[in-house]
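Raw contents of query-v1.cif, mmCIF, N, CA and C atoms:
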```
data_coords
loop_
_atom_site.label_atom_id
_atom_site.label_comp_id
_atom_site.auth_asym_id
_atom_site.auth_seq_id
_atom_site.Cartn_x
_atom_site.Cartn_y
_atom_site.Cartn_z
N MET W 1 -7.74 5.26 -30.29
CA MET W 1 -6.37 5.71 -30.30
C MET W 1 -5.47 4.56 -29.83
N VAL W 2 -4.32 4.46 -30.45
CA VAL W 2 -3.31 3.47 -30.07
C VAL W 2 -2.03 4.22 -29.79
N ARG W 3 -1.36 3.86 -28.69
CA ARG W 3 -0.09 4.51 -28.37
C ARG W 3 0.82 3.51 -27.67
N SER W 4 2.08 3.82 -27.64
CA SER W 4 3.08 2.97 -26.99
C SER W 4 3.02 3.16 -25.47
N THR W 5 3.35 2.12 -24.76
CA THR W 5 3.46 2.22 -23.30
C THR W 5 4.92 2.13 -22.88
N GLU W 6 5.82 2.33 -23.82
CA GLU W 6 7.24 2.25 -23.50
C GLU W 6 7.73 3.47 -22.71
N ASP W 7 7.04 4.61 -22.84
CA ASP W 7 7.40 5.77 -22.01
C ASP W 7 7.13 5.41 -20.56
N HIS W 8 8.07 5.72 -19.71
CA HIS W 8 7.90 5.38 -18.31
C HIS W 8 8.64 6.37 -17.41
N LYS W 9 8.28 6.30 -16.15
CA LYS W 9 8.93 7.11 -15.13
C LYS W 9 9.68 6.15 -14.21
N VAL W 10 10.93 6.46 -13.92
CA VAL W 10 11.71 5.65 -12.98
C VAL W 10 11.48 6.22 -11.58
N VAL W 11 11.13 5.33 -10.66
CA VAL W 11 10.91 5.73 -9.27
C VAL W 11 11.96 5.02 -8.42
N ASN W 12 12.83 5.79 -7.79
CA ASN W 12 13.84 5.22 -6.90
C ASN W 12 13.28 5.11 -5.49
N GLU W 13 13.62 4.02 -4.81
CA GLU W 13 13.15 3.76 -3.45
C GLU W 13 11.64 3.98 -3.33
N PRO W 14 10.85 3.24 -4.15
CA PRO W 14 9.40 3.45 -4.16
C PRO W 14 8.75 3.23 -2.80
N ARG W 15 7.99 4.22 -2.37
CA ARG W 15 7.28 4.19 -1.07
C ARG W 15 8.21 3.86 0.08
N GLY W 16 9.46 4.32 -0.01
CA GLY W 16 10.43 4.09 1.06
C GLY W 16 11.11 2.74 1.00
N GLY W 17 10.87 1.98 -0.07
CA GLY W 17 11.51 0.68 -0.25
C GLY W 17 12.93 0.84 -0.76
N LYS W 18 13.47 -0.26 -1.26
CA LYS W 18 14.83 -0.20 -1.79
C LYS W 18 14.81 -0.46 -3.28
N GLY W 19 15.87 -0.02 -3.97
CA GLY W 19 15.96 -0.25 -5.40
C GLY W 19 15.12 0.72 -6.20
N SER W 20 14.58 0.23 -7.32
CA SER W 20 13.80 1.11 -8.19
C SER W 20 12.76 0.33 -8.97
N MET W 21 11.83 1.10 -9.55
CA MET W 21 10.81 0.51 -10.41
C MET W 21 10.55 1.45 -11.58
N LYS W 22 10.00 0.89 -12.64
CA LYS W 22 9.59 1.67 -13.80
C LYS W 22 8.06 1.67 -13.82
N LEU W 23 7.49 2.86 -13.93
CA LEU W 23 6.05 3.02 -13.92
C LEU W 23 5.60 3.41 -15.33
N HIS W 24 4.92 2.48 -16.01
CA HIS W 24 4.41 2.69 -17.36
C HIS W 24 2.92 3.01 -17.24
N SER W 25 2.56 4.29 -17.19
CA SER W 25 1.14 4.68 -17.09
C SER W 25 0.43 4.31 -18.38
N LEU W 26 -0.70 3.62 -18.26
CA LEU W 26 -1.44 3.18 -19.44
C LEU W 26 -2.49 4.19 -19.87
N MET W 27 -2.87 5.09 -18.96
CA MET W 27 -3.84 6.14 -19.29
C MET W 27 -3.36 7.46 -18.69
N THR W 28 -3.70 8.56 -19.35
CA THR W 28 -3.34 9.88 -18.85
C THR W 28 -4.31 10.30 -17.75
N GLU W 29 -3.94 11.33 -17.00
CA GLU W 29 -4.83 11.86 -15.97
C GLU W 29 -6.17 12.30 -16.55
N ASP W 30 -6.15 12.92 -17.73
CA ASP W 30 -7.39 13.34 -18.38
C ASP W 30 -8.28 12.15 -18.72
N GLU W 31 -7.67 11.06 -19.18
CA GLU W 31 -8.44 9.86 -19.52
C GLU W 31 -9.02 9.19 -18.28
N LEU W 32 -8.32 9.29 -17.16
CA LEU W 32 -8.79 8.66 -15.92
C LEU W 32 -9.96 9.41 -15.30
N LYS W 33 -10.08 10.69 -15.56
CA LYS W 33 -11.20 11.53 -15.13
C LYS W 33 -11.40 11.57 -13.61
N GLY W 34 -10.34 11.33 -12.85
CA GLY W 34 -10.40 11.47 -11.40
C GLY W 34 -10.99 10.29 -10.66
N GLU W 35 -11.68 9.39 -11.36
CA GLU W 35 -12.30 8.23 -10.69
C GLU W 35 -11.26 7.16 -10.37
N THR W 36 -10.27 7.08 -11.24
CA THR W 36 -9.18 6.13 -11.07
C THR W 36 -7.90 6.94 -10.98
N THR W 37 -7.07 6.63 -10.01
CA THR W 37 -5.83 7.36 -9.82
C THR W 37 -4.73 6.86 -10.74
N LEU W 38 -4.72 5.54 -10.99
CA LEU W 38 -3.62 4.94 -11.73
C LEU W 38 -4.04 3.65 -12.40
N ILE W 39 -3.65 3.48 -13.65
CA ILE W 39 -3.65 2.19 -14.33
C ILE W 39 -2.27 2.11 -14.96
N ALA W 40 -1.45 1.15 -14.49
CA ALA W 40 -0.06 1.13 -14.94
C ALA W 40 0.52 -0.27 -14.92
N ARG W 41 1.51 -0.43 -15.79
CA ARG W 41 2.36 -1.62 -15.73
C ARG W 41 3.54 -1.21 -14.87
N VAL W 42 3.71 -1.90 -13.77
CA VAL W 42 4.78 -1.60 -12.82
C VAL W 42 5.86 -2.67 -12.98
N VAL W 43 7.07 -2.23 -13.26
CA VAL W 43 8.20 -3.16 -13.42
C VAL W 43 9.14 -2.93 -12.24
N LEU W 44 9.08 -3.84 -11.28
CA LEU W 44 9.91 -3.75 -10.08
C LEU W 44 11.24 -4.44 -10.38
N ASP W 45 12.31 -3.66 -10.37
CA ASP W 45 13.62 -4.17 -10.75
C ASP W 45 14.08 -5.30 -9.81
N PRO W 46 15.02 -6.14 -10.28
CA PRO W 46 15.53 -7.23 -9.44
C PRO W 46 15.97 -6.74 -8.07
N SER W 47 15.64 -7.52 -7.04
CA SER W 47 16.00 -7.25 -5.64
C SER W 47 15.45 -5.92 -5.11
N SER W 48 14.45 -5.36 -5.77
CA SER W 48 13.86 -4.09 -5.33
C SER W 48 12.56 -4.35 -4.59
N GLU W 49 12.08 -3.33 -3.88
CA GLU W 49 10.82 -3.48 -3.16
C GLU W 49 10.06 -2.16 -3.12
N ILE W 50 8.74 -2.29 -3.10
CA ILE W 50 7.85 -1.17 -2.83
C ILE W 50 7.61 -1.21 -1.34
N GLY W 51 8.00 -0.17 -0.63
CA GLY W 51 7.92 -0.15 0.82
C GLY W 51 6.50 -0.30 1.35
N TYR W 52 6.40 -0.77 2.56
CA TYR W 52 5.12 -0.96 3.25
C TYR W 52 4.45 0.41 3.38
N HIS W 53 3.21 0.53 2.90
CA HIS W 53 2.51 1.82 2.91
C HIS W 53 1.00 1.61 3.02
N ARG W 54 0.32 2.68 3.41
CA ARG W 54 -1.14 2.65 3.60
C ARG W 54 -1.84 3.29 2.41
N HIS W 55 -2.98 2.73 2.03
CA HIS W 55 -3.84 3.31 0.99
C HIS W 55 -4.97 4.07 1.67
N THR W 56 -4.89 5.38 1.61
CA THR W 56 -5.91 6.24 2.21
C THR W 56 -6.76 6.83 1.10
N GLY W 57 -8.07 6.60 1.15
CA GLY W 57 -8.98 7.14 0.16
C GLY W 57 -8.94 6.44 -1.18
N GLU W 58 -8.33 5.25 -1.24
CA GLU W 58 -8.24 4.53 -2.51
C GLU W 58 -8.16 3.03 -2.28
N ILE W 59 -8.48 2.30 -3.34
CA ILE W 59 -8.40 0.83 -3.36
C ILE W 59 -7.44 0.45 -4.48
N GLU W 60 -6.51 -0.47 -4.20
CA GLU W 60 -5.59 -0.93 -5.24
C GLU W 60 -5.83 -2.39 -5.55
N THR W 61 -5.90 -2.69 -6.82
CA THR W 61 -5.93 -4.07 -7.28
C THR W 61 -4.69 -4.27 -8.14
N TYR W 62 -4.01 -5.37 -7.93
CA TYR W 62 -2.85 -5.65 -8.78
C TYR W 62 -2.94 -7.08 -9.31
N TYR W 63 -2.35 -7.26 -10.49
CA TYR W 63 -2.31 -8.55 -11.15
C TYR W 63 -0.85 -8.82 -11.51
N VAL W 64 -0.32 -9.94 -11.05
CA VAL W 64 1.08 -10.28 -11.33
C VAL W 64 1.16 -10.86 -12.74
N MET W 65 1.91 -10.16 -13.61
CA MET W 65 2.06 -10.59 -15.00
C MET W 65 3.24 -11.54 -15.17
N SER W 66 4.36 -11.25 -14.49
CA SER W 66 5.52 -12.14 -14.56
C SER W 66 6.44 -11.87 -13.38
N GLY W 67 7.25 -12.86 -13.08
CA GLY W 67 8.19 -12.74 -11.97
C GLY W 67 7.65 -13.36 -10.69
N GLU W 68 8.47 -13.34 -9.67
CA GLU W 68 8.13 -13.91 -8.36
C GLU W 68 8.38 -12.85 -7.30
N GLY W 69 7.46 -12.73 -6.36
CA GLY W 69 7.63 -11.73 -5.33
C GLY W 69 7.11 -12.16 -3.98
N MET W 70 7.25 -11.28 -3.02
CA MET W 70 6.74 -11.49 -1.67
C MET W 70 5.82 -10.31 -1.35
N PHE W 71 4.57 -10.62 -0.99
CA PHE W 71 3.58 -9.62 -0.65
C PHE W 71 3.53 -9.50 0.87
N MET W 72 3.70 -8.28 1.39
CA MET W 72 3.58 -8.04 2.82
C MET W 72 2.18 -7.50 3.08
N ASP W 73 1.39 -8.24 3.83
CA ASP W 73 -0.02 -7.95 4.02
C ASP W 73 -0.28 -6.99 5.17
N GLN W 74 -1.53 -6.59 5.28
CA GLN W 74 -2.01 -5.67 6.30
C GLN W 74 -1.60 -6.09 7.71
N ASP W 75 -1.66 -7.40 7.98
CA ASP W 75 -1.37 -7.89 9.34
C ASP W 75 0.11 -8.26 9.54
N GLY W 76 0.95 -7.92 8.56
CA GLY W 76 2.38 -8.18 8.69
C GLY W 76 2.82 -9.53 8.15
N THR W 77 1.87 -10.38 7.73
CA THR W 77 2.24 -11.67 7.17
C THR W 77 2.78 -11.48 5.76
N GLU W 78 3.59 -12.44 5.31
CA GLU W 78 4.13 -12.40 3.96
C GLU W 78 3.60 -13.59 3.18
N LYS W 79 3.32 -13.35 1.89
CA LYS W 79 2.82 -14.40 1.01
C LYS W 79 3.56 -14.34 -0.31
N HIS W 80 4.03 -15.49 -0.78
CA HIS W 80 4.68 -15.58 -2.09
C HIS W 80 3.64 -15.29 -3.17
N ILE W 81 4.02 -14.47 -4.18
CA ILE W 81 3.12 -14.16 -5.29
C ILE W 81 3.83 -14.46 -6.61
N GLY W 82 3.02 -14.85 -7.61
CA GLY W 82 3.57 -15.15 -8.92
C GLY W 82 2.55 -14.89 -10.01
N PRO W 83 2.90 -15.19 -11.25
CA PRO W 83 2.04 -14.90 -12.40
C PRO W 83 0.62 -15.44 -12.23
N GLY W 84 -0.35 -14.58 -12.60
CA GLY W 84 -1.75 -14.97 -12.55
C GLY W 84 -2.44 -14.67 -11.23
N GLU W 85 -1.69 -14.24 -10.22
CA GLU W 85 -2.32 -13.95 -8.93
C GLU W 85 -2.76 -12.49 -8.85
N ILE W 86 -3.86 -12.28 -8.13
CA ILE W 86 -4.45 -10.96 -7.97
C ILE W 86 -4.47 -10.62 -6.49
N GLY W 87 -4.18 -9.37 -6.17
CA GLY W 87 -4.27 -8.88 -4.80
C GLY W 87 -5.17 -7.65 -4.77
N VAL W 88 -5.91 -7.51 -3.69
CA VAL W 88 -6.76 -6.32 -3.50
C VAL W 88 -6.40 -5.71 -2.16
N ILE W 89 -6.08 -4.42 -2.18
CA ILE W 89 -5.77 -3.68 -0.97
C ILE W 89 -6.91 -2.69 -0.77
N GLU W 90 -7.69 -2.91 0.26
CA GLU W 90 -8.87 -2.07 0.52
C GLU W 90 -8.45 -0.72 1.10
N GLU W 91 -9.34 0.22 1.05
CA GLU W 91 -9.11 1.56 1.59
C GLU W 91 -8.71 1.44 3.07
N GLY W 92 -7.63 2.12 3.43
CA GLY W 92 -7.14 2.10 4.81
C GLY W 92 -6.16 0.98 5.12
N GLN W 93 -6.02 0.00 4.24
CA GLN W 93 -5.09 -1.10 4.49
C GLN W 93 -3.67 -0.75 4.06
N CYS W 94 -2.72 -1.54 4.57
CA CYS W 94 -1.30 -1.36 4.26
C CYS W 94 -0.79 -2.59 3.52
N HIS W 95 0.28 -2.39 2.75
CA HIS W 95 0.94 -3.51 2.09
C HIS W 95 2.28 -3.06 1.53
N GLY W 96 3.08 -4.01 1.09
CA GLY W 96 4.33 -3.77 0.39
C GLY W 96 4.61 -4.98 -0.48
N ILE W 97 5.52 -4.84 -1.44
CA ILE W 97 5.86 -5.93 -2.35
C ILE W 97 7.36 -5.93 -2.58
N ARG W 98 7.96 -7.13 -2.55
CA ARG W 98 9.40 -7.29 -2.76
C ARG W 98 9.64 -8.26 -3.92
N ASN W 99 10.53 -7.89 -4.83
CA ASN W 99 10.93 -8.78 -5.91
C ASN W 99 11.94 -9.76 -5.34
N LEU W 100 11.66 -11.05 -5.47
CA LEU W 100 12.54 -12.07 -4.91
C LEU W 100 13.74 -12.41 -5.78
N SER W 101 13.70 -12.01 -7.05
CA SER W 101 14.76 -12.38 -7.98
C SER W 101 15.91 -11.36 -7.98
N ASP W 102 17.12 -11.88 -8.13
CA ASP W 102 18.29 -11.03 -8.31
C ASP W 102 18.53 -10.72 -9.79
N GLU W 103 17.75 -11.38 -10.67
CA GLU W 103 18.01 -11.24 -12.10
C GLU W 103 16.81 -10.77 -12.92
N GLU W 104 15.61 -11.17 -12.54
CA GLU W 104 14.41 -10.89 -13.35
C GLU W 104 13.52 -9.84 -12.68
N PRO W 105 12.87 -8.99 -13.48
CA PRO W 105 11.93 -8.02 -12.89
C PRO W 105 10.64 -8.71 -12.45
N LEU W 106 9.92 -8.09 -11.55
CA LEU W 106 8.58 -8.49 -11.16
C LEU W 106 7.65 -7.50 -11.85
N VAL W 107 6.77 -7.99 -12.72
CA VAL W 107 5.91 -7.12 -13.52
C VAL W 107 4.47 -7.27 -13.05
N ILE W 108 3.87 -6.14 -12.70
CA ILE W 108 2.53 -6.10 -12.12
C ILE W 108 1.68 -5.10 -12.90
N LEU W 109 0.43 -5.42 -13.12
CA LEU W 109 -0.55 -4.46 -13.62
C LEU W 109 -1.26 -3.92 -12.38
N ALA W 110 -1.18 -2.61 -12.15
CA ALA W 110 -1.77 -1.99 -10.96
C ALA W 110 -2.90 -1.05 -11.36
N VAL W 111 -4.03 -1.16 -10.65
CA VAL W 111 -5.18 -0.28 -10.83
C VAL W 111 -5.52 0.30 -9.47
N VAL W 112 -5.47 1.62 -9.36
CA VAL W 112 -5.79 2.30 -8.11
C VAL W 112 -7.02 3.17 -8.35
N VAL W 113 -8.10 2.88 -7.59
CA VAL W 113 -9.37 3.56 -7.75
C VAL W 113 -9.57 4.53 -6.58
N ASN W 114 -9.98 5.75 -6.92
CA ASN W 114 -10.23 6.78 -5.93
C ASN W 114 -11.54 6.47 -5.21
N LYS W 115 -11.46 6.21 -3.92
CA LYS W 115 -12.63 5.83 -3.11
C LYS W 115 -13.49 7.05 -2.77
N THR W 116 -12.94 8.25 -2.88
CA THR W 116 -13.66 9.45 -2.47
C THR W 116 -14.55 10.04 -3.55
N VAL W 117 -14.53 9.48 -4.77
CA VAL W 117 -15.35 10.01 -5.86
C VAL W 117 -16.75 9.46 -5.76
#
```
Show me the file's structure as structure tokens.
Amino acid sequence: MVRSTEDHKVVNEPRGGKGSMKLHSLMTEDELKGETTLIARVVLDPSSEIGYHRHTGEIETYYVMSGEGMFMDQDGTEKHIGPGEIGVIEEGQCHGIRNLSDEEPLVILAVVVNKTV
């Protein structure tokens, strides 16, 4: 099956952050079968951020497709991120991401796996 990924959900103030993001789910809940919570292209709008949050019962892997951002790590440190970089947030860890650009989106491929399955 082939389908468009242009359908998306707008999330304002994601995880308590500022601004907004577009969430383009690449698979439906039925296709994920409960083992994976999310596979999505996340488009973080200019000057927006995903607030610092904890992953309970899940592991997130993200791949930066385009744009420049700041990753806030488990220990509170910040690291610049850009295209081609991968981050892994283990179960129980915290993180957040901020788009550094005032003009361009930060585009990330996010995969969240259910650790309890």
Report the residues retrieved by the PyMOL selection byres ((chain W and resi 91-98) around 5) from the displayed file, expressed as a ChimeraX atom specification. /W:48-56,58-59,69-74,89-90,99-100
Give me the result of the PyMOL selection byres (((chain W and resi 23-36 and name CA) around 9) and name CA) on this file, residue by residue, as a VMD selection string. chain W and resid 4 to 11 21 to 22 37 to 44 58 111 to 117
Could you pull out the alpha helix (DSSP H) residues of stretch 2-114 of chain W, going by DSSP on the backbone, and write them as number ranges by chain? W: 29-32
W:Tyr63 surroundings by only C-alpha atoms, 7 Å radius, close-in-sequence under 4 positions cut, as an MDAnalysis selection string: chainID W and resid 84:87 108:110
Take atom N of W:Glu68 and atom CA of W:Asp45 and report the distance between them in Å, one decimal.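 These two atoms are separated by 10.6 Å.
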When you draw a straight line from atom C of W:Glu104 to atom CA of W:Gly16, how long is it in Å? 19.8 Å
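The interatomic distance for the pair atom CA of W:Val107 and atom CA of W:Ser47 works out to 12.8 Å.
Taking only C-alpha atoms into account, W:Gly82 lies nearest to W:Val64 out of the set W:Gly17, W:Pro46, W:Ser101, W:Val64.
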What parts of chain W does DSSP call strand (DSSP E)? I'd like the answer as a PyMOL selection string. chain W and resi 9-12+20-25+36-44+49-54+58-66+69-72+78-81+86-89+94-99+106-114
Ranking W:Ser66, W:Ser20, W:Thr77, W:Asn12 by minimum distance to W:Pro105 and counting all atoms listed in the file, which one comes first? W:Ser66
